[in-house]
>>> print(open('structure-v5.cif').read())   # mmCIF, C-alpha atoms
data_entry
#
loop_
_atom_site.group_PDB
_atom_site.id
_atom_site.type_symbol
_atom_site.label_atom_id
_atom_site.label_comp_id
_atom_site.auth_asym_id
_atom_site.auth_seq_id
_atom_site.Cartn_x
_atom_site.Cartn_y
_atom_site.Cartn_z
ATOM 1 C CA MET C 342 84.541 -56.607 47.244
ATOM 2 C CA GLU C 343 83.063 -58.171 50.370
ATOM 3 C CA VAL C 344 86.181 -60.356 50.686
ATOM 4 C CA LEU C 345 88.501 -57.340 50.430
ATOM 5 C CA ALA C 346 86.383 -55.425 52.923
ATOM 6 C CA GLU C 347 86.601 -58.380 55.328
ATOM 7 C CA VAL C 348 90.393 -58.495 54.970
ATOM 8 C CA MET C 349 90.509 -54.755 55.710
ATOM 9 C CA ARG C 350 88.166 -55.295 58.691
ATOM 10 C CA ILE C 351 85.485 -52.964 57.343
ATOM 11 C CA ASP C 352 81.786 -53.816 57.766
ATOM 12 C CA LEU C 353 79.506 -52.941 54.839
ATOM 13 C CA ILE C 354 76.016 -51.731 55.730
ATOM 14 C CA ASP C 355 73.135 -50.532 53.543
ATOM 15 C CA LEU C 356 71.389 -47.332 54.648
ATOM 16 C CA GLU C 357 68.577 -45.187 53.317
ATOM 17 C CA LEU C 358 70.712 -42.411 51.861
ATOM 18 C CA SER C 359 69.671 -39.707 49.413
ATOM 19 C CA PRO C 360 69.899 -40.710 45.716
ATOM 20 C CA GLY C 361 73.387 -40.099 44.377
ATOM 21 C CA SER C 362 74.971 -40.081 47.821
ATOM 22 C CA PRO C 363 78.550 -41.420 47.866
ATOM 23 C CA PRO C 364 79.481 -44.193 50.294
ATOM 24 C CA ILE C 365 80.263 -42.914 53.767
ATOM 25 C CA SER C 366 83.001 -44.455 55.865
ATOM 26 C CA PHE C 367 83.381 -43.983 59.586
ATOM 27 C CA ALA C 368 85.319 -45.594 62.410
ATOM 28 C CA GLY C 369 84.606 -46.241 66.059
ATOM 29 C CA PRO C 370 86.087 -48.148 68.989
ATOM 30 C CA GLU C 371 84.613 -51.415 67.681
ATOM 31 C CA GLY C 372 86.002 -51.101 64.152
ATOM 32 C CA ALA C 373 85.268 -49.447 60.789
ATOM 33 C CA TRP C 374 82.025 -49.295 58.776
ATOM 34 C CA MET C 375 81.055 -48.241 55.288
ATOM 35 C CA ALA C 376 77.506 -47.057 54.666
ATOM 36 C CA ILE C 377 76.147 -47.493 51.136
ATOM 37 C CA GLN C 378 72.917 -46.261 49.548
ATOM 38 C CA ASP C 379 70.484 -49.174 49.799
ATOM 39 C CA SER C 380 68.714 -48.504 46.476
ATOM 40 C CA LEU C 381 71.752 -49.106 44.279
ATOM 41 C CA SER C 382 71.843 -51.960 41.783
ATOM 42 C CA PRO C 383 74.364 -54.731 42.575
ATOM 43 C CA LYS C 384 76.685 -53.421 39.854
ATOM 44 C CA GLU C 385 76.490 -49.805 41.088
ATOM 45 C CA ARG C 386 76.968 -50.947 44.678
ATOM 46 C CA GLU C 387 80.118 -52.883 43.806
ATOM 47 C CA HIS C 388 81.484 -49.902 41.875
ATOM 48 C CA ARG C 389 80.898 -47.519 44.776
ATOM 49 C CA VAL C 390 82.416 -49.912 47.311
ATOM 50 C CA ARG C 391 85.418 -50.520 45.066
ATOM 51 C CA GLU C 392 86.096 -46.783 44.782
ATOM 52 C CA LEU C 393 86.079 -46.241 48.539
ATOM 53 C CA LEU C 394 88.154 -49.337 49.350
ATOM 54 C CA THR C 395 90.674 -48.318 46.695
ATOM 55 C CA ALA C 396 90.984 -44.843 48.182
ATOM 56 C CA ARG C 397 91.340 -46.324 51.678
ATOM 57 C CA LEU C 398 94.042 -48.794 50.610
ATOM 58 C CA ILE C 399 96.064 -46.183 48.742
ATOM 59 C CA GLN C 400 95.783 -43.832 51.703
ATOM 60 C CA ASP C 401 97.030 -46.562 54.064
ATOM 61 C CA ALA C 402 99.868 -47.704 51.797
ATOM 62 C CA ASP C 403 100.944 -44.383 50.237
ATOM 63 C CA LEU C 404 104.347 -43.469 51.635
ATOM 64 C CA PRO C 405 106.574 -40.542 50.614
ATOM 65 C CA ASP C 406 108.524 -41.363 47.468
ATOM 66 C CA ARG C 407 111.713 -39.692 48.518
ATOM 67 C CA ARG C 408 115.240 -40.599 49.508
ATOM 68 C CA SER C 409 115.908 -41.005 53.205
ATOM 69 C CA PRO C 410 119.065 -41.808 55.181
ATOM 70 C CA ARG C 411 117.912 -45.443 55.124
ATOM 71 C CA CYS C 412 116.507 -46.272 51.705
ATOM 72 C CA ARG C 413 113.959 -45.032 49.215
ATOM 73 C CA LYS C 414 110.376 -45.564 50.318
ATOM 74 C CA LEU C 415 107.815 -47.398 48.211
ATOM 75 C CA ASN C 416 104.933 -45.373 46.786
ATOM 76 C CA ILE C 417 102.378 -47.605 45.059
ATOM 77 C CA THR C 418 99.904 -44.863 44.162
ATOM 78 C CA ALA C 419 101.228 -44.642 40.597
ATOM 79 C CA LEU C 420 100.933 -48.404 40.175
ATOM 80 C CA TYR C 421 97.208 -48.266 40.852
ATOM 81 C CA ALA C 422 96.328 -44.977 39.163
ATOM 82 C CA TYR C 423 93.205 -45.272 36.977
ATOM 83 C CA SER C 424 92.927 -48.975 37.779
ATOM 84 C CA GLN C 425 90.461 -51.278 39.481
ATOM 85 C CA TRP C 426 93.228 -53.248 41.207
ATOM 86 C CA GLY C 427 93.625 -55.415 38.103
ATOM 87 C CA PRO C 428 96.954 -56.193 36.450
ATOM 88 C CA ARG C 429 98.631 -53.180 34.883
ATOM 89 C CA ASP C 430 99.696 -55.011 31.705
ATOM 90 C CA GLY C 431 97.372 -58.019 31.783
ATOM 91 C CA TRP C 432 97.930 -61.404 33.372
ATOM 92 C CA ARG C 433 101.500 -62.572 32.870
ATOM 93 C CA SER C 434 103.699 -65.554 33.614
ATOM 94 C CA ASP C 435 105.248 -65.960 37.048
ATOM 95 C CA GLU C 436 108.690 -65.406 35.518
ATOM 96 C CA GLU C 437 107.643 -62.086 33.985
ATOM 97 C CA VAL C 438 106.187 -60.976 37.315
ATOM 98 C CA ILE C 439 109.414 -61.901 39.115
ATOM 99 C CA VAL C 440 111.445 -59.833 36.642
ATOM 100 C CA SER C 441 109.154 -56.832 37.230
ATOM 101 C CA LEU C 442 109.305 -57.158 41.011
ATOM 102 C CA ARG C 443 113.084 -57.415 40.982
ATOM 103 C CA SER C 444 113.170 -54.301 38.810
ATOM 104 C CA LEU C 445 110.914 -52.522 41.322
ATOM 105 C CA ILE C 446 113.330 -53.353 44.134
ATOM 106 C CA ALA C 447 116.352 -52.296 42.081
ATOM 107 C CA HIS C 448 115.069 -49.106 40.481
ATOM 108 C CA VAL C 449 112.392 -47.771 42.840
ATOM 109 C CA LEU C 450 113.704 -48.956 46.200
ATOM 110 C CA ASP C 451 117.411 -48.606 45.302
ATOM 111 C CA GLY C 452 117.946 -52.205 46.338
ATOM 112 C CA ALA C 453 119.952 -55.193 45.150
ATOM 113 C CA PRO C 454 117.710 -58.212 44.343
ATOM 114 C CA GLU C 455 119.616 -61.478 44.035
ATOM 115 C CA ASP C 456 119.145 -65.234 43.999
ATOM 116 C CA PHE C 457 120.991 -67.088 46.735
ATOM 117 C CA PRO C 458 124.449 -68.138 45.514
ATOM 118 C CA ASP C 459 125.129 -71.857 45.254
ATOM 119 C CA ASP C 460 127.401 -71.866 48.294
ATOM 120 C CA ALA C 461 124.546 -70.524 50.482
ATOM 121 C CA TYR C 462 122.727 -73.868 50.339
ATOM 122 C CA PRO C 463 121.420 -75.620 52.320
ATOM 123 C CA LEU C 464 119.459 -72.705 53.735
ATOM 124 C CA PRO C 465 118.321 -72.680 57.364
ATOM 125 C CA ASP C 466 115.134 -74.645 57.816
ATOM 126 C CA GLY C 467 112.065 -72.815 56.582
ATOM 127 C CA VAL C 468 113.869 -69.768 55.131
ATOM 128 C CA GLY C 469 112.664 -68.584 51.716
ATOM 129 C CA ALA C 470 114.234 -65.135 51.569
ATOM 130 C CA VAL C 471 116.625 -62.880 53.472
ATOM 131 C CA ILE C 472 116.641 -59.084 53.641
ATOM 132 C CA ALA C 473 119.647 -57.163 54.926
ATOM 133 C CA PHE C 474 120.887 -53.600 54.522
ATOM 134 C CA GLY C 475 124.168 -52.201 53.270
ATOM 135 C CA TYR C 476 125.508 -48.820 52.183
ATOM 136 C CA ASP C 477 126.423 -47.503 48.761
ATOM 137 C CA ALA C 478 129.418 -45.351 47.823
ATOM 138 C CA VAL C 479 127.787 -42.143 49.053
ATOM 139 C CA GLY C 480 126.532 -43.605 52.325
ATOM 140 C CA ARG C 481 122.896 -44.293 51.451
ATOM 141 C CA ARG C 482 121.376 -47.315 53.154
ATOM 142 C CA ARG C 483 120.341 -49.888 50.549
ATOM 143 C CA PRO C 484 118.248 -53.039 50.940
ATOM 144 C CA LEU C 485 119.774 -56.343 49.847
ATOM 145 C CA VAL C 486 117.292 -59.119 49.044
ATOM 146 C CA TRP C 487 117.942 -62.789 48.360
ATOM 147 C CA VAL C 488 115.187 -65.250 47.420
ATOM 148 C CA ASP C 489 115.490 -69.022 47.081
ATOM 149 C CA SER C 490 115.229 -69.506 43.311
ATOM 150 C CA ARG C 491 114.745 -73.275 43.726
ATOM 151 C CA LEU C 492 111.238 -72.755 45.115
ATOM 152 C CA PRO C 493 108.176 -73.005 42.818
ATOM 153 C CA ARG C 494 108.002 -69.908 40.632
ATOM 154 C CA GLY C 495 104.641 -68.783 41.968
ATOM 155 C CA LEU C 496 105.952 -68.923 45.528
ATOM 156 C CA CYS C 497 109.068 -67.016 44.433
ATOM 157 C CA ALA C 498 106.926 -64.290 42.858
ATOM 158 C CA ASP C 499 104.880 -63.873 46.029
ATOM 159 C CA LEU C 500 108.043 -63.783 48.155
ATOM 160 C CA TRP C 501 109.525 -61.060 45.927
ATOM 161 C CA GLY C 502 106.292 -59.074 46.261
ATOM 162 C CA PHE C 503 106.219 -59.444 50.030
ATOM 163 C CA CYS C 504 109.900 -58.471 50.347
ATOM 164 C CA ALA C 505 109.359 -55.384 48.181
ATOM 165 C CA ALA C 506 106.425 -54.332 50.347
ATOM 166 C CA LEU C 507 108.302 -54.988 53.590
ATOM 167 C CA ILE C 508 111.238 -52.882 52.396
ATOM 168 C CA GLY C 509 108.878 -50.118 51.303
ATOM 169 C CA VAL C 510 107.321 -49.927 54.762
ATOM 170 C CA GLY C 511 110.647 -49.005 56.353
ATOM 171 C CA ASP C 512 109.552 -48.800 59.976
ATOM 172 C CA GLU C 513 107.868 -52.194 59.722
ATOM 173 C CA SER C 514 110.978 -53.883 58.319
ATOM 174 C CA GLU C 515 113.095 -52.478 61.133
ATOM 175 C CA ALA C 516 110.610 -53.663 63.737
ATOM 176 C CA ARG C 517 110.681 -57.232 62.378
ATOM 177 C CA ALA C 518 114.469 -57.479 61.944
ATOM 178 C CA ASP C 519 116.714 -59.373 64.331
ATOM 179 C CA GLU C 520 119.355 -57.672 66.474
ATOM 180 C CA ASP C 521 121.720 -57.535 63.496
ATOM 181 C CA GLY C 522 119.131 -55.819 61.305
ATOM 182 C CA VAL C 523 118.524 -58.934 59.174
ATOM 183 C CA LEU C 524 115.108 -60.317 58.241
ATOM 184 C CA TYR C 525 114.795 -64.063 57.671
ATOM 185 C CA VAL C 526 111.561 -64.549 55.741
ATOM 186 C CA SER C 527 109.791 -67.878 55.965
ATOM 187 C CA LYS C 528 108.776 -69.738 52.818
ATOM 188 C CA ARG C 529 105.635 -70.936 54.593
ATOM 189 C CA ARG C 530 102.558 -69.008 53.540
ATOM 190 C CA GLN C 531 99.901 -67.660 55.867
ATOM 191 C CA PRO C 532 96.631 -65.907 54.986
ATOM 192 C CA VAL C 533 96.585 -62.110 54.809
ATOM 193 C CA THR C 534 94.410 -60.852 57.670
ATOM 194 C CA GLY C 535 94.559 -57.054 57.370
ATOM 195 C CA PRO C 536 96.382 -53.983 56.067
ATOM 196 C CA GLY C 537 100.164 -53.986 56.187
ATOM 197 C CA PRO C 538 103.107 -55.302 54.139
ATOM 198 C CA GLU C 539 101.289 -58.607 53.586
ATOM 199 C CA LEU C 540 98.293 -56.987 51.866
ATOM 200 C CA LEU C 541 100.503 -54.460 50.078
ATOM 201 C CA GLY C 542 102.680 -57.300 48.778
ATOM 202 C CA ALA C 543 99.692 -59.277 47.513
ATOM 203 C CA LEU C 544 98.231 -56.237 45.739
ATOM 204 C CA THR C 545 101.585 -55.377 44.170
ATOM 205 C CA VAL C 546 101.997 -58.933 42.875
ATOM 206 C CA GLN C 547 98.508 -58.747 41.376
ATOM 207 C CA ARG C 548 99.209 -55.342 39.848
ATOM 208 C CA PHE C 549 102.206 -56.825 38.044
ATOM 209 C CA GLY C 550 100.094 -59.614 36.578
ATOM 210 C CA ARG C 551 99.804 -62.614 38.918
ATOM 211 C CA ARG C 552 96.950 -63.776 41.103
ATOM 212 C CA PRO C 553 98.780 -64.021 44.435
ATOM 213 C CA GLY C 554 98.494 -66.872 46.854
ATOM 214 C CA ASP C 555 98.565 -66.283 50.618
ATOM 215 C CA CYS C 556 101.169 -63.522 50.936
ATOM 216 C CA ALA C 557 101.736 -63.331 54.679
ATOM 217 C CA PHE C 558 105.202 -64.749 55.287
ATOM 218 C CA PRO C 559 106.273 -64.725 58.948
ATOM 219 C CA MET C 560 109.799 -64.045 60.066
ATOM 220 C CA VAL C 561 111.999 -66.962 61.088
ATOM 221 C CA THR C 562 113.466 -66.074 64.471
ATOM 222 C CA PRO C 563 117.248 -66.002 64.991
ATOM 223 C CA PRO C 564 117.399 -69.186 67.126
ATOM 224 C CA ASP C 565 116.027 -71.123 64.124
ATOM 225 C CA VAL C 566 118.791 -69.931 61.793
ATOM 226 C CA ASP C 567 121.820 -70.567 64.009
#
>>> encode(input="structure-v5.cif", output="structure tokens")
Amino acid sequence: MEVLAEVMRIDLIDLELSPGSPPISFAGPEGAWMAIQDSLSPKEREHRVRELLTARLIQDADLPDRRSPRCRKLNITALYAYSQWGPRDGWRSDEEVIVSLRSLIAHVLDGAPEDFPDDAYPLPDGVGAVIAFGYDAVGRRRPLVWVDSRLPRGLCADLWGFCAALIGVGDESEARADEDGVLYVSKRRQPVTGPGPELLGALTVQRFGRRPGDCAFPMVTPPDVD
């Protein structure tokens, strides 16, 4: 829990609170804090912290699950309902996780998940995935996602999770796209440092049954893909 709190940039402090008091979270100009009753046992303390971090994460990541002129937004609340951030159906193989993530993109985000076709290789240096947007027969904007299937399966799974999260956070994907609206996602991992698509992607991968690696994948800028 301390690691997750650090990633979320929340300081945990123990205070002399009344017995039975719930954790109290508050924010200030220097950051966020969470005050916890100092007389709790280690197990009770972890449980209380987990509850508040879970609520905070869901609040940060919960987006309207509705159709928009662009694409359907990702709502992960249902994925984590009644859970402790563990895998929904137990730990599974990387291949099973990839299948589930592709299904999420196809059926929840109204997207088209694909492997790169053979004639797309060699890919631009450093590119592991590409996200673009097209339109269906009735004019709805749909995400199109390609991932390099030749990469190690664990890396592929984490890339699919990151891409799903980036699509779900619509404004964020638009902000990171190039002038043509295309996102070139690097295959080079970086550590997750705070809330956002990177953390959402890692948690989604874990929810589907894989312990994610570093799930922050930077964008490859257009000059590098010419």
>>> closest_residue(input="structure-v5.cif", among="C:Ile472, C:Val486, C:Val438, C:Ala498", to="C:Pro454", atoms="only C-alpha atoms")
C:Val486
>>> resolve_selection(input="structure-v5.cif", expression="the PyMOL selection byres ((chain C and resi 448) around 12)", output="ChimeraX atom specification")
/C:412-415,440-447,449-454,483-484,505
>>> atom_distance(input="structure-v5.cif", atom1="atom CA of C:Val523", atom2="atom CA of C:Pro553")
25.2 Å
>>> residues_around(input="structure-v5.cif", residues="C:Trp487", least_positions_apart="2", cutoff="6 Å", atoms="only C-alpha atoms", output="JSON, numbers by chain")
{"C": [455, 456, 457, 470, 471]}
>>> residues_around(input="structure-v5.cif", residues="C:Leu464", least_positions_apart="2", cutoff="12 Å", atoms="all atoms listed in the file", output="ChimeraX atom specification")
/C:457-462,466-471,487-492,525-528,561,565-567
>>> decode(input="structure-v5.cif", residues="stretch 429-441 of chain C", atoms="all heavy atoms", output="CSV table (one decimal), in the first residue's frame")
chain,number,residue,atom,x,y,z
C,429,ARG,N,-9.4,-10.3,-11.5
C,429,ARG,CA,-10.8,-10.7,-11.5
C,429,ARG,C,-11.1,-12.2,-11.6
C,429,ARG,O,-11.9,-12.7,-10.9
C,429,ARG,CB,-11.5,-10.0,-12.7
C,429,ARG,CG,-13.0,-10.1,-12.7
C,429,ARG,CD,-13.6,-9.3,-13.9
C,429,ARG,NE,-13.0,-9.7,-15.1
C,429,ARG,CZ,-13.4,-9.2,-16.3
C,429,ARG,NH1,-14.3,-8.2,-16.3
C,429,ARG,NH2,-12.9,-9.6,-17.4
C,430,ASP,N,-10.3,-12.9,-12.4
C,430,ASP,CA,-10.5,-14.3,-12.6
C,430,ASP,C,-9.3,-15.1,-12.3
C,430,ASP,O,-9.0,-16.2,-12.8
C,430,ASP,CB,-10.9,-14.6,-14.0
C,430,ASP,CG,-12.2,-13.9,-14.4
C,430,ASP,OD1,-13.2,-14.0,-13.6
C,430,ASP,OD2,-12.3,-13.2,-15.4
C,431,GLY,N,-8.4,-14.6,-11.3
C,431,GLY,CA,-7.2,-15.3,-11.0
C,431,GLY,C,-6.1,-14.9,-12.0
C,431,GLY,O,-6.3,-14.3,-13.0
C,432,TRP,N,-4.9,-15.3,-11.6
C,432,TRP,CA,-3.7,-15.0,-12.5
C,432,TRP,C,-3.8,-15.9,-13.7
C,432,TRP,O,-4.1,-17.1,-13.6
C,432,TRP,CB,-2.4,-15.3,-11.7
C,432,TRP,CG,-2.3,-14.4,-10.5
C,432,TRP,CD1,-2.3,-14.8,-9.2
C,432,TRP,CD2,-2.1,-13.0,-10.5
C,432,TRP,NE1,-2.2,-13.7,-8.4
C,432,TRP,CE2,-2.0,-12.6,-9.1
C,432,TRP,CE3,-2.0,-12.0,-11.5
C,432,TRP,CZ2,-1.9,-11.3,-8.7
C,432,TRP,CZ3,-1.8,-10.7,-11.1
C,432,TRP,CH2,-1.7,-10.3,-9.7
C,433,ARG,N,-3.5,-15.3,-14.9
C,433,ARG,CA,-3.7,-16.0,-16.1
C,433,ARG,C,-2.5,-15.8,-17.0
C,433,ARG,O,-1.6,-15.0,-16.7
C,433,ARG,CB,-5.0,-15.5,-16.9
C,433,ARG,CG,-6.2,-15.7,-16.0
C,433,ARG,CD,-7.5,-15.4,-16.8
C,433,ARG,NE,-7.5,-14.1,-17.3
C,433,ARG,CZ,-8.3,-13.7,-18.3
C,433,ARG,NH1,-9.1,-14.5,-19.0
C,433,ARG,NH2,-8.3,-12.4,-18.7
C,434,SER,N,-2.4,-16.6,-18.1
C,434,SER,CA,-1.3,-16.4,-19.0
C,434,SER,C,-1.3,-15.1,-19.7
C,434,SER,O,-2.4,-14.5,-19.8
C,434,SER,CB,-1.3,-17.6,-20.0
C,434,SER,OG,-2.4,-17.4,-20.9
C,435,ASP,N,-0.2,-14.7,-20.2
C,435,ASP,CA,-0.1,-13.4,-21.0
C,435,ASP,C,-1.0,-13.5,-22.2
C,435,ASP,O,-1.7,-12.5,-22.5
C,435,ASP,CB,1.3,-13.2,-21.4
C,435,ASP,CG,2.3,-12.9,-20.3
C,435,ASP,OD1,1.8,-12.5,-19.2
C,435,ASP,OD2,3.5,-13.0,-20.5
C,436,GLU,N,-1.1,-14.6,-22.8
C,436,GLU,CA,-2.0,-14.8,-24.0
C,436,GLU,C,-3.5,-14.6,-23.7
C,436,GLU,O,-4.2,-13.9,-24.4
C,436,GLU,CB,-1.8,-16.1,-24.7
C,436,GLU,CG,-2.2,-16.2,-26.1
C,436,GLU,CD,-1.5,-15.2,-27.0
C,436,GLU,OE1,-0.3,-15.1,-26.9
C,436,GLU,OE2,-2.2,-14.5,-27.8
C,437,GLU,N,-3.9,-15.1,-22.5
C,437,GLU,CA,-5.3,-15.0,-22.1
C,437,GLU,C,-5.6,-13.5,-21.8
C,437,GLU,O,-6.6,-13.0,-22.1
C,437,GLU,CB,-5.5,-15.8,-20.9
C,437,GLU,CG,-5.6,-17.3,-21.2
C,437,GLU,CD,-5.7,-18.2,-19.9
C,437,GLU,OE1,-4.9,-17.9,-19.0
C,437,GLU,OE2,-6.6,-19.0,-19.8
C,438,VAL,N,-4.6,-12.8,-21.1
C,438,VAL,CA,-4.8,-11.4,-20.8
C,438,VAL,C,-4.9,-10.6,-22.1
C,438,VAL,O,-5.7,-9.7,-22.2
C,438,VAL,CB,-3.6,-10.9,-19.9
C,438,VAL,CG1,-3.7,-9.4,-19.7
C,438,VAL,CG2,-3.7,-11.6,-18.6
C,439,ILE,N,-4.0,-10.9,-23.1
C,439,ILE,CA,-4.1,-10.2,-24.3
C,439,ILE,C,-5.5,-10.3,-25.0
C,439,ILE,O,-6.1,-9.3,-25.5
C,439,ILE,CB,-3.0,-10.6,-25.3
C,439,ILE,CG1,-1.6,-10.2,-24.8
C,439,ILE,CG2,-3.2,-10.1,-26.7
C,439,ILE,CD1,-0.4,-10.8,-25.5
C,440,VAL,N,-6.0,-11.5,-25.0
C,440,VAL,CA,-7.3,-11.8,-25.6
C,440,VAL,C,-8.4,-10.9,-24.9
C,440,VAL,O,-9.2,-10.3,-25.5
C,440,VAL,CB,-7.7,-13.3,-25.5
C,440,VAL,CG1,-9.1,-13.5,-25.9
C,440,VAL,CG2,-6.8,-14.1,-26.4
C,441,SER,N,-8.3,-10.9,-23.5
C,441,SER,CA,-9.3,-10.1,-22.8
C,441,SER,C,-9.1,-8.6,-23.0
C,441,SER,O,-10.2,-7.9,-23.2
C,441,SER,CB,-9.1,-10.3,-21.3
C,441,SER,OG,-9.4,-11.7,-21.0
